[in-house]
Amino acid sequence: MSHPLNIKRAGHNLEQAKKAIIMIHGRGGSAEDILSLSSYLQVDNFALLAPQAENHSWYPFSFMAPVQQNEPWLSSALDLIDHTVQLALAQGIPAKDIYFFGFSQGACLTLEYLARHAQHYGGAVAIIGGVIGEEINHQNYSGDFAQTPILLGTSDPDFHVPLERVKTTASILEKMNANVKLAIYSNGGHTINREEIDLANEFVLKDGQK
């Protein structure tokens with residue numbers, strides 16, 4: 001009951017790139033789906049890495065279910081994200097040049113991983129997501145983001161991700177010294193809108209082109 005080591009690649013070869021972005025798909029999606037968004041992002045000189053979830057789902061229940069209900073899939077998913085990060089680090093790409101982009105279930109997974117492994121990353125975009133668990137276990141979260149830019153975009157309301165959890169997540173990240181931008185769209189729907197893409201490029205990825 002674990003996710004296989006399946007990481008799709010695009011963009012520059014990891015061995016030659018100076019920056020990498022890890023893109024994490026949502027429930028029912030695929031690595032190929034999330035990689036297709038890269039044509040709208042300022043990642044021309046990046047290596048693109050997209051882990052693939054087994055059966056297109058990172059964990060079986062809501063991200064706000066008790067954590068044990070989503071095990072062992074959740075831990076396996078977090079391990080796969082960490083393996084992807086380690087893959088980039090092993091090729092000489094420092095953490096400050098590693099970026100993240102996650103949507104929906106992938107955004108929740110991205111945020112949970114980052115909060116558990118806070119350090120100076122290049123930046124992160126999480127569209128419609130929050131940290132995971134019925135109860136938030138603050139003891140799991142440690143480190144210093146050193147002003148890493150993190151964009152949280154969401155709809156109010158969203159049927160899967162309550163706005164209050166997104167706001168709480170923003171607060172947690174800010175306390176860990178992240179530079180957080182929270183973008184809330186009234187009745188925005190469970191999707192990624194053009195303004196969020198523009199914000200991703202302007203707020204998170206702009207330094208990635210240097």
# chains A, B, ... in the order shown; residues from 1 in each chain; ligands from 1

call {"tool": "closest_atom_pairs", "arguments": {"of": "segment 38-88 of chain A", "to": "segment 156-166 of chain A", "cutoff": "9 Å", "atoms": "only C-alpha atoms", "output": "tab-separated table"}}
result
residue	atom	partner	partner_atom	distance
A:Ser62	CA	A:His160	CA	7.7
A:Phe63	CA	A:Val161	CA	8.3
A:Met64	CA	A:Val161	CA	8.4

call {"tool": "write_last_selection", "arguments": {"atoms": "C-alpha atoms", "output": "PDB file, in the first residue's frame"}}
result
ATOM      1  CA  SER A  62     -10.542  14.021   2.684  1.00  0.00           C
ATOM      2  CA  PHE A  63      -7.421  15.918   3.717  1.00  0.00           C
ATOM      3  CA  MET A  64      -9.384  16.910   6.839  1.00  0.00           C
TER       4      MET A  64
END

call {"tool": "select_by_dssp", "arguments": {"residues": "segment 82-118 of chain A", "states": "strand (DSSP E or B)", "output": "VMD selection string"}}
result
chain A and resid 98 to 103 118

call {"tool": "write_last_selection", "arguments": {"atoms": "all heavy atoms", "output": "PDB file, in the first residue's frame"}}
result
ATOM      1  N   ILE A  98      14.807  25.224  -5.759  1.00  0.00           N
ATOM      2  CA  ILE A  98      13.743  24.228  -5.947  1.00  0.00           C
ATOM      3  C   ILE A  98      12.402  24.884  -5.645  1.00  0.00           C
ATOM      4  O   ILE A  98      12.219  25.503  -4.605  1.00  0.00           O
ATOM      5  CB  ILE A  98      13.962  22.997  -5.046  1.00  0.00           C
ATOM      6  CG1 ILE A  98      15.279  22.289  -5.411  1.00  0.00           C
ATOM      7  CG2 ILE A  98      12.789  22.026  -5.163  1.00  0.00           C
ATOM      8  CD1 ILE A  98      15.619  21.128  -4.496  1.00  0.00           C
ATOM      9  N   TYR A  99      11.476  24.742  -6.582  1.00  0.00           N
ATOM     10  CA  TYR A  99      10.147  25.343  -6.492  1.00  0.00           C
ATOM     11  C   TYR A  99       9.090  24.235  -6.466  1.00  0.00           C
ATOM     12  O   TYR A  99       9.358  23.096  -6.850  1.00  0.00           O
ATOM     13  CB  TYR A  99       9.897  26.264  -7.688  1.00  0.00           C
ATOM     14  CG  TYR A  99      10.800  27.481  -7.754  1.00  0.00           C
ATOM     15  CD1 TYR A  99      12.145  27.361  -8.090  1.00  0.00           C
ATOM     16  CD2 TYR A  99      10.313  28.758  -7.486  1.00  0.00           C
ATOM     17  CE1 TYR A  99      12.975  28.471  -8.143  1.00  0.00           C
ATOM     18  CE2 TYR A  99      11.138  29.873  -7.544  1.00  0.00           C
ATOM     19  CZ  TYR A  99      12.463  29.720  -7.869  1.00  0.00           C
ATOM     20  OH  TYR A  99      13.282  30.825  -7.932  1.00  0.00           O
ATOM     21  N   PHE A 100       7.889  24.616  -6.044  1.00  0.00           N
ATOM     22  CA  PHE A 100       6.789  23.648  -5.946  1.00  0.00           C
ATOM     23  C   PHE A 100       5.521  24.260  -6.550  1.00  0.00           C
ATOM     24  O   PHE A 100       5.287  25.460  -6.425  1.00  0.00           O
ATOM     25  CB  PHE A 100       6.505  23.286  -4.484  1.00  0.00           C
ATOM     26  CG  PHE A 100       7.646  22.619  -3.767  1.00  0.00           C
ATOM     27  CD1 PHE A 100       8.677  23.386  -3.227  1.00  0.00           C
ATOM     28  CD2 PHE A 100       7.701  21.248  -3.630  1.00  0.00           C
ATOM     29  CE1 PHE A 100       9.736  22.780  -2.567  1.00  0.00           C
ATOM     30  CE2 PHE A 100       8.763  20.639  -2.957  1.00  0.00           C
ATOM     31  CZ  PHE A 100       9.776  21.414  -2.436  1.00  0.00           C
ATOM     32  N   PHE A 101       4.708  23.398  -7.162  1.00  0.00           N
ATOM     33  CA  PHE A 101       3.390  23.822  -7.656  1.00  0.00           C
ATOM     34  C   PHE A 101       2.436  22.661  -7.414  1.00  0.00           C
ATOM     35  O   PHE A 101       2.652  21.548  -7.913  1.00  0.00           O
ATOM     36  CB  PHE A 101       3.442  24.150  -9.148  1.00  0.00           C
ATOM     37  CG  PHE A 101       2.181  24.794  -9.676  1.00  0.00           C
ATOM     38  CD1 PHE A 101       2.161  26.147 -10.000  1.00  0.00           C
ATOM     39  CD2 PHE A 101       1.015  24.063  -9.845  1.00  0.00           C
ATOM     40  CE1 PHE A 101       1.000  26.755 -10.476  1.00  0.00           C
ATOM     41  CE2 PHE A 101      -0.154  24.651 -10.301  1.00  0.00           C
ATOM     42  CZ  PHE A 101      -0.157  26.004 -10.638  1.00  0.00           C
ATOM     43  N   GLY A 102       1.384  22.890  -6.626  1.00  0.00           N
ATOM     44  CA  GLY A 102       0.411  21.842  -6.347  1.00  0.00           C
ATOM     45  C   GLY A 102      -1.007  22.351  -6.482  1.00  0.00           C
ATOM     46  O   GLY A 102      -1.302  23.507  -6.173  1.00  0.00           O
ATOM     47  N   PHE A 103      -1.894  21.470  -6.935  1.00  0.00           N
ATOM     48  CA  PHE A 103      -3.308  21.814  -7.080  1.00  0.00           C
ATOM     49  C   PHE A 103      -4.176  20.826  -6.307  1.00  0.00           C
ATOM     50  O   PHE A 103      -3.999  19.609  -6.401  1.00  0.00           O
ATOM     51  CB  PHE A 103      -3.716  21.810  -8.557  1.00  0.00           C
ATOM     52  CG  PHE A 103      -5.205  21.941  -8.766  1.00  0.00           C
ATOM     53  CD1 PHE A 103      -5.869  23.115  -8.399  1.00  0.00           C
ATOM     54  CD2 PHE A 103      -5.951  20.901  -9.303  1.00  0.00           C
ATOM     55  CE1 PHE A 103      -7.244  23.235  -8.563  1.00  0.00           C
ATOM     56  CE2 PHE A 103      -7.326  21.024  -9.484  1.00  0.00           C
ATOM     57  CZ  PHE A 103      -7.974  22.191  -9.109  1.00  0.00           C
ATOM     58  N   ALA A 118      10.562  22.828   6.420  1.00  0.00           N
ATOM     59  CA  ALA A 118      10.757  24.245   6.096  1.00  0.00           C
ATOM     60  C   ALA A 118      12.239  24.588   5.985  1.00  0.00           C
ATOM     61  O   ALA A 118      13.041  24.234   6.850  1.00  0.00           O
ATOM     62  CB  ALA A 118      10.096  25.118   7.154  1.00  0.00           C
TER      63      ALA A 118
END

call {"tool": "atom_distance", "arguments": {"atom1": "atom CA of Leu35 of chain A", "atom2": "atom CA of Ile7 of chain A"}}
result
11.2 Å

call {"tool": "atom_distance", "arguments": {"atom1": "atom CA of Val180 of chain A", "atom2": "atom CA of Ala200 of chain A"}}
result
11.9 Å

call {"tool": "select_by_dssp", "arguments": {"residues": "chain A", "states": "helix (DSSP H, G or I)", "output": "short mmCIF file (atom, residue, chain, number, x, y, z; two decimals) with N, CA and C atoms, in the first residue's frame"}}
result
data_model
loop_
_atom_site.label_atom_id
_atom_site.label_comp_id
_atom_site.auth_asym_id
_atom_site.auth_seq_id
_atom_site.Cartn_x
_atom_site.Cartn_y
_atom_site.Cartn_z
N ALA A 31 0.39 13.20 -13.58
CA ALA A 31 1.61 13.98 -13.73
C ALA A 31 1.61 14.74 -15.05
N GLU A 32 1.13 14.09 -16.10
CA GLU A 32 1.08 14.76 -17.40
C GLU A 32 0.16 15.97 -17.38
N ASP A 33 -0.96 15.86 -16.67
CA ASP A 33 -1.91 16.98 -16.56
C ASP A 33 -1.23 18.20 -15.94
N ILE A 34 -0.57 17.99 -14.82
CA ILE A 34 0.01 19.12 -14.10
C ILE A 34 1.21 19.67 -14.86
N LEU A 35 1.95 18.81 -15.54
CA LEU A 35 3.08 19.28 -16.35
C LEU A 35 2.61 20.17 -17.50
N SER A 36 1.40 19.93 -18.00
CA SER A 36 0.90 20.73 -19.12
C SER A 36 0.71 22.19 -18.73
N LEU A 37 0.56 22.46 -17.42
CA LEU A 37 0.42 23.85 -16.96
C LEU A 37 1.71 24.64 -17.12
N SER A 38 2.81 23.93 -17.28
CA SER A 38 4.10 24.62 -17.35
C SER A 38 4.19 25.57 -18.54
N SER A 39 3.37 25.35 -19.56
CA SER A 39 3.40 26.24 -20.73
C SER A 39 2.90 27.64 -20.37
N TYR A 40 2.21 27.78 -19.22
CA TYR A 40 1.71 29.08 -18.77
C TYR A 40 2.60 29.70 -17.70
N GLU A 54 -0.33 6.60 -7.30
CA GLU A 54 -0.96 5.33 -7.65
C GLU A 54 -2.48 5.53 -7.74
N ASN A 55 -3.08 5.06 -8.83
CA ASN A 55 -4.53 5.19 -9.04
C ASN A 55 -4.99 6.64 -9.00
N HIS A 56 -4.08 7.57 -9.30
CA HIS A 56 -4.41 8.99 -9.44
C HIS A 56 -4.92 9.64 -8.16
N VAL A 67 -5.76 11.70 10.35
CA VAL A 67 -4.58 11.31 9.56
C VAL A 67 -4.49 9.80 9.40
N GLN A 68 -4.79 9.05 10.47
CA GLN A 68 -4.64 7.60 10.41
C GLN A 68 -5.55 6.97 9.35
N GLN A 69 -6.67 7.61 9.04
CA GLN A 69 -7.55 7.08 8.00
C GLN A 69 -6.89 7.14 6.62
N ASN A 70 -5.96 8.06 6.45
CA ASN A 70 -5.29 8.22 5.16
C ASN A 70 -3.94 7.52 5.08
N TRP A 73 -1.04 5.62 2.89
CA TRP A 73 -0.88 6.34 1.62
C TRP A 73 -0.28 7.72 1.81
N LEU A 74 -0.70 8.43 2.85
CA LEU A 74 -0.20 9.78 3.06
C LEU A 74 1.31 9.78 3.30
N SER A 75 1.77 8.92 4.19
CA SER A 75 3.21 8.87 4.45
C SER A 75 3.98 8.47 3.20
N SER A 76 3.44 7.55 2.44
CA SER A 76 4.09 7.14 1.19
C SER A 76 4.16 8.30 0.21
N ALA A 77 3.08 9.09 0.14
CA ALA A 77 3.06 10.26 -0.76
C ALA A 77 4.09 11.29 -0.34
N LEU A 78 4.17 11.56 0.96
CA LEU A 78 5.16 12.51 1.46
C LEU A 78 6.58 12.01 1.19
N ASP A 79 6.79 10.70 1.32
CA ASP A 79 8.10 10.12 1.01
C ASP A 79 8.45 10.29 -0.46
N LEU A 80 7.45 10.15 -1.34
CA LEU A 80 7.70 10.31 -2.76
C LEU A 80 8.07 11.75 -3.10
N ILE A 81 7.41 12.71 -2.46
CA ILE A 81 7.77 14.11 -2.66
C ILE A 81 9.20 14.35 -2.17
N ASP A 82 9.52 13.78 -1.02
CA ASP A 82 10.87 13.96 -0.50
C ASP A 82 11.91 13.32 -1.43
N HIS A 83 11.58 12.17 -1.98
CA HIS A 83 12.50 11.53 -2.92
C HIS A 83 12.73 12.43 -4.13
N THR A 84 11.68 13.09 -4.59
CA THR A 84 11.80 13.99 -5.74
C THR A 84 12.70 15.17 -5.40
N VAL A 85 12.53 15.71 -4.20
CA VAL A 85 13.41 16.80 -3.74
C VAL A 85 14.86 16.32 -3.69
N GLN A 86 15.06 15.14 -3.12
CA GLN A 86 16.42 14.62 -2.99
C GLN A 86 17.05 14.36 -4.36
N LEU A 87 16.23 14.01 -5.33
CA LEU A 87 16.71 13.80 -6.70
C LEU A 87 17.32 15.08 -7.25
N ALA A 88 16.63 16.20 -7.02
CA ALA A 88 17.14 17.50 -7.48
C ALA A 88 18.39 17.90 -6.71
N LEU A 89 18.37 17.72 -5.40
CA LEU A 89 19.53 18.07 -4.58
C LEU A 89 20.76 17.26 -5.00
N ALA A 90 20.55 16.00 -5.32
CA ALA A 90 21.66 15.13 -5.69
C ALA A 90 22.32 15.55 -7.00
N ALA A 95 18.40 23.82 -2.46
CA ALA A 95 17.00 24.01 -2.06
C ALA A 95 16.46 25.38 -2.46
N LYS A 96 17.33 26.40 -2.43
CA LYS A 96 16.87 27.75 -2.77
C LYS A 96 16.48 27.89 -4.25
N ASP A 97 16.81 26.87 -5.05
CA ASP A 97 16.44 26.87 -6.46
C ASP A 97 15.44 25.77 -6.79
N GLN A 105 -5.72 18.27 -4.08
CA GLN A 105 -5.07 17.28 -3.22
C GLN A 105 -3.55 17.43 -3.30
N GLY A 106 -3.05 17.78 -4.47
CA GLY A 106 -1.63 18.03 -4.63
C GLY A 106 -1.16 19.27 -3.89
N ALA A 107 -2.03 20.28 -3.76
CA ALA A 107 -1.71 21.48 -2.99
C ALA A 107 -1.63 21.14 -1.50
N CYS A 108 -2.57 20.31 -1.03
CA CYS A 108 -2.53 19.89 0.37
C CYS A 108 -1.24 19.14 0.66
N LEU A 109 -0.88 18.22 -0.23
CA LEU A 109 0.33 17.44 -0.04
C LEU A 109 1.57 18.35 -0.08
N THR A 110 1.58 19.30 -1.01
CA THR A 110 2.69 20.25 -1.09
C THR A 110 2.85 21.01 0.21
N LEU A 111 1.75 21.55 0.74
CA LEU A 111 1.81 22.37 1.95
C LEU A 111 2.20 21.55 3.17
N GLU A 112 1.70 20.33 3.25
CA GLU A 112 2.07 19.47 4.37
C GLU A 112 3.57 19.14 4.31
N TYR A 113 4.05 18.82 3.12
CA TYR A 113 5.48 18.53 2.98
C TYR A 113 6.33 19.75 3.36
N LEU A 114 5.98 20.91 2.84
CA LEU A 114 6.77 22.11 3.10
C LEU A 114 6.78 22.45 4.59
N ALA A 115 5.62 22.35 5.24
CA ALA A 115 5.56 22.69 6.66
C ALA A 115 6.40 21.73 7.51
N ARG A 116 6.55 20.50 7.03
CA ARG A 116 7.36 19.52 7.76
C ARG A 116 8.85 19.65 7.44
N HIS A 138 0.86 20.64 15.18
CA HIS A 138 1.92 21.64 15.02
C HIS A 138 3.31 21.07 15.34
N GLN A 139 3.36 19.98 16.08
CA GLN A 139 4.65 19.38 16.41
C GLN A 139 5.34 18.81 15.18
N ASN A 140 4.58 18.56 14.12
CA ASN A 140 5.16 18.04 12.88
C ASN A 140 5.91 19.11 12.10
N LEU A 163 -12.26 27.59 3.64
CA LEU A 163 -11.44 28.80 3.65
C LEU A 163 -10.69 28.95 4.97
N GLU A 164 -11.32 28.57 6.07
CA GLU A 164 -10.68 28.71 7.37
C GLU A 164 -9.39 27.90 7.45
N ARG A 165 -9.37 26.71 6.84
CA ARG A 165 -8.15 25.91 6.86
C ARG A 165 -7.06 26.56 6.01
N VAL A 166 -7.43 27.18 4.91
CA VAL A 166 -6.45 27.88 4.08
C VAL A 166 -5.84 29.04 4.86
N LYS A 167 -6.70 29.81 5.55
CA LYS A 167 -6.20 30.94 6.35
C LYS A 167 -5.31 30.46 7.50
N THR A 168 -5.70 29.36 8.14
CA THR A 168 -4.88 28.81 9.22
C THR A 168 -3.52 28.37 8.68
N THR A 169 -3.53 27.76 7.50
CA THR A 169 -2.28 27.33 6.86
C THR A 169 -1.39 28.53 6.58
N ALA A 170 -1.97 29.60 6.06
CA ALA A 170 -1.20 30.82 5.79
C ALA A 170 -0.54 31.32 7.07
N SER A 171 -1.28 31.30 8.16
CA SER A 171 -0.75 31.75 9.46
C SER A 171 0.41 30.88 9.93
N ILE A 172 0.27 29.57 9.77
CA ILE A 172 1.34 28.65 10.17
C ILE A 172 2.61 28.94 9.38
N LEU A 173 2.46 29.11 8.07
CA LEU A 173 3.63 29.35 7.22
C LEU A 173 4.28 30.69 7.54
N GLU A 174 3.46 31.69 7.82
CA GLU A 174 4.01 33.00 8.18
C GLU A 174 4.80 32.94 9.47
N LYS A 175 4.31 32.17 10.43
CA LYS A 175 5.03 32.02 11.71
C LYS A 175 6.36 31.30 11.51
N ARG A 194 -6.75 32.38 -14.29
CA ARG A 194 -5.66 33.08 -14.97
C ARG A 194 -4.91 34.02 -14.03
N GLU A 195 -5.64 34.64 -13.10
CA GLU A 195 -4.98 35.56 -12.17
C GLU A 195 -4.01 34.82 -11.26
N GLU A 196 -4.37 33.60 -10.87
CA GLU A 196 -3.46 32.80 -10.04
C GLU A 196 -2.18 32.44 -10.81
N ILE A 197 -2.33 32.15 -12.09
CA ILE A 197 -1.15 31.89 -12.92
C ILE A 197 -0.28 33.13 -13.00
N ASP A 198 -0.91 34.28 -13.19
CA ASP A 198 -0.14 35.53 -13.26
C ASP A 198 0.57 35.80 -11.93
N LEU A 199 -0.14 35.57 -10.81
CA LEU A 199 0.47 35.77 -9.50
C LEU A 199 1.62 34.79 -9.26
N ALA A 200 1.43 33.57 -9.73
CA ALA A 200 2.51 32.57 -9.60
C ALA A 200 3.77 33.06 -10.30
N ASN A 201 3.59 33.61 -11.49
CA ASN A 201 4.74 34.10 -12.25
C ASN A 201 5.36 35.34 -11.61
N GLU A 202 4.51 36.25 -11.13
CA GLU A 202 5.01 37.53 -10.62
C GLU A 202 5.57 37.41 -9.19
N PHE A 203 4.91 36.64 -8.37
CA PHE A 203 5.26 36.59 -6.96
C PHE A 203 6.26 35.47 -6.62
N VAL A 204 6.12 34.33 -7.30
CA VAL A 204 6.93 33.17 -6.94
C VAL A 204 8.05 32.89 -7.94
N LYS A 206 9.29 34.77 -10.55
CA LYS A 206 10.02 35.83 -11.23
C LYS A 206 11.54 35.72 -11.06
N ASP A 207 11.97 35.32 -9.87
CA ASP A 207 13.41 35.18 -9.64
C ASP A 207 13.97 33.91 -10.27
N GLY A 208 13.08 33.01 -10.67
CA GLY A 208 13.54 31.77 -11.27
C GLY A 208 14.10 31.94 -12.66
N GLN A 209 13.84 33.11 -13.25
CA GLN A 209 14.34 33.35 -14.61
C GLN A 209 15.72 33.97 -14.63
#
